[in-house]
file run-v5.cif (mmCIF, C-alpha atoms and all ligand atoms; chains and numbers go by the auth columns)
data_protein
#
loop_
_atom_site.group_PDB
_atom_site.id
_atom_site.type_symbol
_atom_site.label_atom_id
_atom_site.label_comp_id
_atom_site.label_asym_id
_atom_site.label_seq_id
_atom_site.Cartn_x
_atom_site.Cartn_y
_atom_site.Cartn_z
_atom_site.B_iso_or_equiv
_atom_site.auth_seq_id
_atom_site.auth_asym_id
ATOM 1 C CA MET A 1 37.915 37.704 33.257 0.00 99 W
ATOM 2 C CA LYS A 2 39.643 36.884 29.969 0.00 100 W
ATOM 3 C CA ASN A 3 43.306 36.124 30.178 0.00 101 W
ATOM 4 C CA SER A 4 45.098 38.256 27.623 0.00 102 W
ATOM 5 C CA GLY A 5 48.504 37.957 29.231 0.00 103 W
ATOM 6 C CA ASN A 6 48.233 41.604 30.171 0.00 104 W
ATOM 7 C CA LEU A 7 45.745 41.389 32.967 0.00 105 W
ATOM 8 C CA LEU A 8 46.598 44.623 34.628 0.00 106 W
ATOM 9 C CA GLU A 9 45.896 46.580 31.482 0.00 107 W
ATOM 10 C CA SER A 10 42.205 45.905 31.875 0.00 108 W
ATOM 11 C CA PHE A 11 41.685 48.533 34.530 0.00 109 W
ATOM 12 C CA ASP A 12 38.494 49.822 32.967 0.00 110 W
ATOM 13 C CA GLU A 13 36.784 46.466 33.109 0.00 111 W
ATOM 14 C CA ILE A 14 36.905 46.558 36.879 0.00 112 W
ATOM 15 C CA SER A 15 34.904 49.676 37.417 0.00 113 W
ATOM 16 C CA ARG A 16 32.053 48.010 39.245 0.00 114 W
ATOM 17 C CA GLU A 17 32.174 46.624 42.759 0.00 115 W
ATOM 18 C CA SER A 18 34.561 43.736 42.586 0.00 116 W
ATOM 19 C CA ASP A 19 33.946 40.291 43.903 0.00 117 W
ATOM 20 C CA PRO A 20 36.533 37.542 44.056 0.00 118 W
ATOM 21 C CA LEU A 21 35.303 36.012 40.787 0.00 119 W
ATOM 22 C CA ASP A 22 35.939 39.225 38.907 0.00 120 W
ATOM 23 C CA CYS A 23 39.164 40.403 40.468 0.00 121 W
ATOM 24 C CA ALA A 24 42.421 40.666 38.509 0.00 122 W
ATOM 25 C CA PHE A 25 44.551 39.943 41.559 0.00 123 W
ATOM 26 C CA CYS A 26 42.491 36.957 42.743 0.00 124 W
ATOM 27 C CA ASP A 27 42.879 35.773 39.155 0.00 125 W
ATOM 28 C CA ILE A 28 46.679 35.966 39.440 0.00 126 W
ATOM 29 C CA LYS A 29 46.520 34.093 42.749 0.00 127 W
ATOM 30 C CA ILE A 30 44.470 31.284 41.226 0.00 128 W
ATOM 31 C CA ASN A 31 45.280 31.151 37.493 0.00 129 W
ATOM 32 C CA TRP A 32 48.607 32.940 36.992 0.00 130 W
ATOM 33 C CA LYS A 33 50.754 31.401 39.696 0.00 131 W
ATOM 34 C CA GLU A 34 53.847 31.704 37.477 0.00 132 W
ATOM 35 C CA ARG A 35 53.676 35.472 37.976 0.00 133 W
ATOM 36 C CA ILE A 36 53.982 35.115 41.741 0.00 134 W
ATOM 37 C CA ILE A 37 57.556 35.789 42.851 0.00 135 W
ATOM 38 C CA GLU A 38 57.111 35.463 46.611 0.00 136 W
ATOM 39 C CA GLU A 39 54.528 33.922 48.903 0.00 137 W
ATOM 40 C CA SER A 40 53.963 33.873 52.651 0.00 138 W
ATOM 41 C CA PRO A 41 51.132 32.228 54.616 0.00 139 W
ATOM 42 C CA ARG A 42 48.801 35.213 54.138 0.00 140 W
ATOM 43 C CA THR A 43 50.318 37.124 51.195 0.00 141 W
ATOM 44 C CA PHE A 44 51.463 36.741 47.595 0.00 142 W
ATOM 45 C CA SER A 45 53.593 39.135 45.563 0.00 143 W
ATOM 46 C CA PHE A 46 54.306 39.841 41.905 0.00 144 W
ATOM 47 C CA TYR A 47 55.900 42.524 39.746 0.00 145 W
ATOM 48 C CA ASP A 48 53.713 45.488 38.871 0.00 146 W
ATOM 49 C CA ARG A 49 52.989 45.703 35.156 0.00 147 W
ATOM 50 C CA ASN A 50 54.419 49.227 35.246 0.00 148 W
ATOM 51 C CA SER A 51 57.850 48.010 36.213 0.00 149 W
ATOM 52 C CA GLY A 52 59.575 50.893 34.405 0.00 150 W
ATOM 53 C CA ARG A 53 58.485 53.407 36.998 0.00 151 W
ATOM 54 C CA CYS A 54 61.219 52.510 39.439 0.00 152 W
ATOM 55 C CA LYS A 55 64.150 50.149 39.772 0.00 153 W
ATOM 56 C CA VAL A 56 61.898 47.387 41.125 0.00 154 W
ATOM 57 C CA HIS A 57 58.130 47.663 41.500 0.00 155 W
ATOM 58 C CA ILE A 58 56.403 44.878 43.415 0.00 156 W
ATOM 59 C CA LEU A 59 52.801 44.496 44.570 0.00 157 W
ATOM 60 C CA ILE A 60 52.159 42.619 47.813 0.00 158 W
ATOM 61 C CA CYS A 61 48.574 41.363 48.245 0.00 159 W
ATOM 62 C CA PRO A 62 46.659 39.549 50.938 0.00 160 W
ATOM 63 C CA LYS A 63 45.493 36.126 49.760 0.00 161 W
ATOM 64 C CA LYS A 64 42.123 36.994 51.222 0.00 162 W
ATOM 65 C CA HIS A 65 40.109 39.327 48.982 0.00 163 W
ATOM 66 C CA ILE A 66 39.905 42.687 50.755 0.00 164 W
ATOM 67 C CA LYS A 67 38.688 45.621 48.702 0.00 165 W
ATOM 68 C CA ASN A 68 40.781 48.379 50.294 0.00 166 W
ATOM 69 C CA TYR A 69 42.147 49.285 53.697 0.00 167 W
ATOM 70 C CA ASN A 70 38.815 50.697 54.831 0.00 168 W
ATOM 71 C CA PHE A 71 37.513 47.124 54.837 0.00 169 W
ATOM 72 C CA LEU A 72 40.181 45.847 57.216 0.00 170 W
ATOM 73 C CA ASN A 73 39.146 44.722 60.670 0.00 171 W
ATOM 74 C CA SER A 74 40.748 43.293 63.777 0.00 172 W
ATOM 75 C CA SER A 75 41.165 39.871 62.202 0.00 173 W
ATOM 76 C CA ASP A 76 43.434 41.366 59.513 0.00 174 W
ATOM 77 C CA LEU A 77 46.039 42.883 61.780 0.00 175 W
ATOM 78 C CA GLU A 78 48.308 39.861 61.747 0.00 176 W
ATOM 79 C CA MET A 79 48.086 39.790 57.967 0.00 177 W
ATOM 80 C CA LEU A 80 49.106 43.461 57.813 0.00 178 W
ATOM 81 C CA LEU A 81 52.081 42.868 60.054 0.00 179 W
ATOM 82 C CA GLU A 82 53.047 39.960 57.812 0.00 180 W
ATOM 83 C CA MET A 83 52.663 42.247 54.802 0.00 181 W
ATOM 84 C CA ARG A 84 55.041 44.756 56.380 0.00 182 W
ATOM 85 C CA GLN A 85 57.533 42.033 57.162 0.00 183 W
ATOM 86 C CA GLU A 86 57.340 40.778 53.574 0.00 184 W
ATOM 87 C CA ALA A 87 57.784 44.304 52.205 0.00 185 W
ATOM 88 C CA HIS A 88 60.948 44.866 54.234 0.00 186 W
ATOM 89 C CA ARG A 89 62.269 41.435 53.348 0.00 187 W
ATOM 90 C CA MET A 90 61.698 41.995 49.623 0.00 188 W
ATOM 91 C CA GLY A 91 62.891 45.584 49.814 0.00 189 W
ATOM 92 C CA SER A 92 66.274 44.284 50.950 0.00 190 W
ATOM 93 C CA LYS A 93 66.285 41.183 48.767 0.00 191 W
ATOM 94 C CA TYR A 94 65.393 42.883 45.472 0.00 192 W
ATOM 95 C CA GLY A 95 66.843 46.292 46.222 0.00 193 W
ATOM 96 C CA ASP A 96 70.458 45.416 46.915 0.00 194 W
ATOM 97 C CA GLY A 97 70.640 48.069 49.581 0.00 195 W
ATOM 98 C CA SER A 98 68.706 50.763 47.673 0.00 196 W
ATOM 99 C CA PRO A 99 66.084 52.669 49.643 0.00 197 W
ATOM 100 C CA TYR A 100 62.467 51.730 49.047 0.00 198 W
ATOM 101 C CA ARG A 101 59.011 53.151 49.708 0.00 199 W
ATOM 102 C CA MET A 102 55.689 51.441 50.263 0.00 200 W
ATOM 103 C CA GLY A 103 52.057 52.463 50.402 0.00 201 W
ATOM 104 C CA PHE A 104 48.405 51.713 49.678 0.00 202 W
ATOM 105 C CA HIS A 105 46.144 53.568 47.279 0.00 203 W
ATOM 106 C CA ILE A 106 43.838 55.937 49.087 0.00 204 W
ATOM 107 C CA PRO A 107 40.190 55.103 48.268 0.00 205 W
ATOM 108 C CA PRO A 108 38.576 55.902 45.913 0.00 206 W
ATOM 109 C CA PHE A 109 41.733 56.550 43.857 0.00 207 W
ATOM 110 C CA TYR A 110 42.639 53.043 42.862 0.00 208 W
ATOM 111 C CA SER A 111 41.931 50.790 39.944 0.00 209 W
ATOM 112 C CA ILE A 112 42.219 47.206 41.161 0.00 210 W
ATOM 113 C CA LYS A 113 39.841 46.647 44.030 0.00 211 W
ATOM 114 C CA HIS A 114 41.965 44.139 45.878 0.00 212 W
ATOM 115 C CA LEU A 115 44.136 45.583 48.613 0.00 213 W
ATOM 116 C CA HIS A 116 47.769 45.756 47.463 0.00 214 W
ATOM 117 C CA LEU A 117 50.874 47.329 48.851 0.00 215 W
ATOM 118 C CA HIS A 118 53.079 49.069 46.291 0.00 216 W
ATOM 119 C CA LEU A 119 56.734 48.424 47.030 0.00 217 W
ATOM 120 C CA CYS A 120 58.915 50.780 44.969 0.00 218 W
ATOM 121 C CA ILE A 121 62.650 50.410 45.142 0.00 219 W
ATOM 122 C CA GLU A 122 64.573 53.552 44.260 0.00 220 W
ATOM 123 C CA PRO A 123 65.544 55.096 41.980 0.00 221 W
ATOM 124 C CA ILE A 124 62.004 56.079 41.047 0.00 222 W
ATOM 125 C CA TYR A 125 61.986 57.353 37.458 0.00 223 W
ATOM 126 C CA THR A 126 58.605 58.912 36.787 0.00 224 W
ATOM 127 C CA CYS A 127 56.864 61.826 38.368 0.00 225 W
ATOM 128 C CA TRP A 128 53.763 59.622 38.518 0.00 226 W
ATOM 129 C CA SER A 129 55.351 57.421 41.154 0.00 227 W
ATOM 130 C CA LYS A 130 57.604 59.949 42.776 0.00 228 W
ATOM 131 C CA ALA A 131 55.581 63.106 43.165 0.00 229 W
ATOM 132 C CA VAL A 132 51.981 62.248 42.444 0.00 230 W
ATOM 133 C CA THR A 133 51.753 58.792 43.901 0.00 231 W
ATOM 134 C CA PHE A 134 53.748 59.235 47.033 0.00 232 W
ATOM 135 C CA GLY A 135 52.731 62.796 47.594 0.00 233 W
ATOM 136 C CA LEU A 136 48.999 62.439 47.274 0.00 234 W
ATOM 137 C CA ASN A 137 47.691 59.031 46.386 0.00 235 W
ATOM 138 C CA LEU A 138 49.465 56.449 48.487 0.00 236 W
ATOM 139 C CA LYS A 139 48.971 55.961 52.195 0.00 237 W
ATOM 140 C CA PRO A 140 51.938 54.581 54.129 0.00 238 W
ATOM 141 C CA LEU A 141 51.441 51.068 55.496 0.00 239 W
ATOM 142 C CA ASP A 142 52.480 52.143 58.985 0.00 240 W
ATOM 143 C CA GLN A 143 49.625 54.664 59.148 0.00 241 W
ATOM 144 C CA VAL A 144 47.109 51.934 58.331 0.00 242 W
ATOM 145 C CA ILE A 145 48.588 49.632 60.967 0.00 243 W
ATOM 146 C CA GLU A 146 48.553 52.489 63.472 0.00 244 W
ATOM 147 C CA LYS A 147 44.882 53.163 62.746 0.00 245 W
ATOM 148 C CA LEU A 148 43.950 49.517 63.307 0.00 246 W
ATOM 149 C CA GLU A 149 46.030 49.379 66.454 0.00 247 W
ATOM 150 C CA LYS A 150 44.112 52.335 67.820 0.00 248 W
ATOM 151 C CA LEU A 151 40.810 50.662 66.998 0.00 249 W
ATOM 152 C CA TYR A 152 41.845 47.348 68.496 0.00 250 W
ATOM 153 C CA PRO A 153 44.471 48.061 71.176 0.00 251 W
ATOM 154 C CA LYS A 154 44.008 44.850 73.155 0.00 252 W
ATOM 155 C CA LEU A 155 44.386 42.711 70.088 0.00 253 W
ATOM 156 C CA THR A 156 47.604 44.479 69.118 0.00 254 W
ATOM 157 C CA ILE A 157 49.210 43.692 72.436 0.00 255 W
ATOM 158 C CA PHE A 158 48.177 40.101 71.979 0.00 256 W
ATOM 159 C CA VAL A 159 49.537 39.879 68.435 0.00 257 W
ATOM 160 C CA LEU A 160 52.852 41.537 69.163 0.00 258 W
ATOM 161 C CA SER A 161 53.654 39.734 72.396 0.00 259 W
HETATM 162 ZN ZN ZN B . 40.652 39.828 44.776 0.00 301 L
HETATM 163 ZN ZN ZN B . 48.087 49.893 42.563 0.00 302 L
#
call {"tool": "encode", "arguments": {"input": "run-v5.cif", "output": "structure tokens"}}
result
Amino acid sequence: MKNSGNLLESFDEISRESDPLDCAFCDIKINWKERIIEESPRTFSFYDRNSGRCKVHILICPKKHIKNYNFLNSSDLEMLLEMRQEAHRMGSKYGDGSPYRMGFHIPPFYSIKHLHLHLCIEPIYTCWSKAVTFGLNLKPLDQVIEKLEKLYPKLTIFVLS
């Protein structure tokens, strides 16, 4: 992918099945490290290009390329729990006590095919983020974790203990 400085504007270029060599977020992880504001063993985070939609708008991604939450399996549960921990940590750190919301795009309604958690710190200014996104298009992280925990109950007990 060409680096124009506005990577996330090139939504249309990523219409085919993505692979790690043609993924805007893998590209940030590898070639645009200066955009990364926070990192944990399994995740990296950066500001969404559409930062004007809410007070603070951060995307939290797994370092491993995962297309969307339907491609998660038992080996990703620890990563998801880490993602949740990171989201709460950053929600407090960057939000100064403001409430925040988080969620995943619901397939197939997403543009970048690399799993990312939207962390939106209130106030949320646009109806896109407030009504449309959180009403219809974003799935709460806890629901995804719950689904995996149901699929892999023994593993969950192991991870959490
Ligand atoms: Zn990727
Ligand atoms: Zn997104």
call {"tool": "residues_around", "arguments": {"input": "run-v5.cif", "residues": "segment 171-176 of chain W", "least_positions_apart": "3", "cutoff": "10 Å", "atoms": "all atoms listed in the file", "output": "JSON, numbers by chain"}}
result
{"W": [140, 160, 162, 164, 167, 168, 179, 180, 181, 182, 242, 243, 246, 247, 249, 250, 251, 253, 254, 257, 258]}
call {"tool": "write_last_selection", "arguments": {"input": "run-v5.cif", "atoms": "C-alpha atoms", "output": "short mmCIF file (atom, residue, chain, number, x, y, z; two decimals), in the coordinates of the input"}}
result
data_model
loop_
_atom_site.label_atom_id
_atom_site.label_comp_id
_atom_site.auth_asym_id
_atom_site.auth_seq_id
_atom_site.Cartn_x
_atom_site.Cartn_y
_atom_site.Cartn_z
CA ARG W 140 48.80 35.21 54.14
CA PRO W 160 46.66 39.55 50.94
CA LYS W 162 42.12 36.99 51.22
CA ILE W 164 39.90 42.69 50.76
CA TYR W 167 42.15 49.28 53.70
CA ASN W 168 38.82 50.70 54.83
CA LEU W 179 52.08 42.87 60.05
CA GLU W 180 53.05 39.96 57.81
CA MET W 181 52.66 42.25 54.80
CA ARG W 182 55.04 44.76 56.38
CA VAL W 242 47.11 51.93 58.33
CA ILE W 243 48.59 49.63 60.97
CA LEU W 246 43.95 49.52 63.31
CA GLU W 247 46.03 49.38 66.45
CA LEU W 249 40.81 50.66 67.00
CA TYR W 250 41.84 47.35 68.50
CA PRO W 251 44.47 48.06 71.18
CA LEU W 253 44.39 42.71 70.09
CA THR W 254 47.60 44.48 69.12
CA VAL W 257 49.54 39.88 68.44
CA LEU W 258 52.85 41.54 69.16
#
call {"tool": "residues_near_ligand", "arguments": {"input": "run-v5.cif", "ligand": "ligand ZN 302 (chain L)", "cutoff": "7 Å", "atoms": "only C-alpha atoms and all ligand atoms", "output": "number ranges by chain"}}
result
W: 203, 208-210, 214, 216
call {"tool": "residues_near_ligand", "arguments": {"input": "run-v5.cif", "ligand": "ligand ZN 301 (chain L)", "cutoff": "7 Å", "atoms": "all atoms listed in the file", "output": "VMD selection string"}}
result
chain W and resid 117 to 118 121 to 124 163 to 164 211 to 212
call {"tool": "closest_residue", "arguments": {"input": "run-v5.cif", "among": "W:Ile134, W:Leu213, W:Leu236, W:Ile219", "to": "Asp194 of chain W", "atoms": "all atoms listed in the file"}}
result
W:Ile219
call {"tool": "closest_residue", "arguments": {"input": "run-v5.cif", "among": "W:Arg133, W:Lys237, W:His186, W:Lys127", "to": "Cys159 of chain W", "atoms": "only C-alpha atoms"}}
result
W:Lys127
call {"tool": "closest_residue", "arguments": {"input": "run-v5.cif", "among": "W:Gln183, W:Ser149, W:Pro205, W:Lys131", "to": "Phe169 of chain W", "atoms": "only C-alpha atoms"}}
result
W:Pro205
call {"tool": "resolve_selection", "arguments": {"input": "run-v5.cif", "expression": "the PyMOL selection byres (((chain W and resi 152) around 6) and not hetatm)", "output": "ChimeraX atom specification"}}
result
/W:150-151,153-154,220-223
call {"tool": "write_last_selection", "arguments": {"input": "run-v5.cif", "atoms": "C-alpha atoms", "output": "mmCIF file, in the frame of the given file"}}
result
data_model
loop_
_atom_site.group_PDB
_atom_site.id
_atom_site.type_symbol
_atom_site.label_atom_id
_atom_site.label_comp_id
_atom_site.auth_asym_id
_atom_site.auth_seq_id
_atom_site.Cartn_x
_atom_site.Cartn_y
_atom_site.Cartn_z
ATOM 1 C CA GLY W 150 59.575 50.893 34.405
ATOM 2 C CA ARG W 151 58.485 53.407 36.998
ATOM 3 C CA LYS W 153 64.150 50.149 39.772
ATOM 4 C CA VAL W 154 61.898 47.387 41.125
ATOM 5 C CA GLU W 220 64.573 53.552 44.260
ATOM 6 C CA PRO W 221 65.544 55.096 41.980
ATOM 7 C CA ILE W 222 62.004 56.079 41.047
ATOM 8 C CA TYR W 223 61.986 57.353 37.458
#
call {"tool": "resolve_selection", "arguments": {"input": "run-v5.cif", "expression": "the PyMOL selection byres (((chain W and resi 192) around 12) and not hetatm)", "output": "list in words"}}
result
Ile135, Glu136, Tyr145, Lys153, Val154, His155, Ile156, Glu184, Ala185, His186, Arg187, Met188, Gly189, Ser190, Lys191, Gly193, Asp194, Gly195, Ser196, Pro197, Tyr198, Leu217, Cys218, Ile219 and Glu220 of chain W
call {"tool": "axis_aligned_box", "arguments": {"input": "run-v5.cif", "around": "segment 192-200 of chain W", "padding_each_side": "4 Å", "output": "JSON"}}
result
{"center_x": 63.2, "center_y": 48.0, "center_z": 47.9, "size_x": 23.0, "size_y": 18.3, "size_z": 12.8}
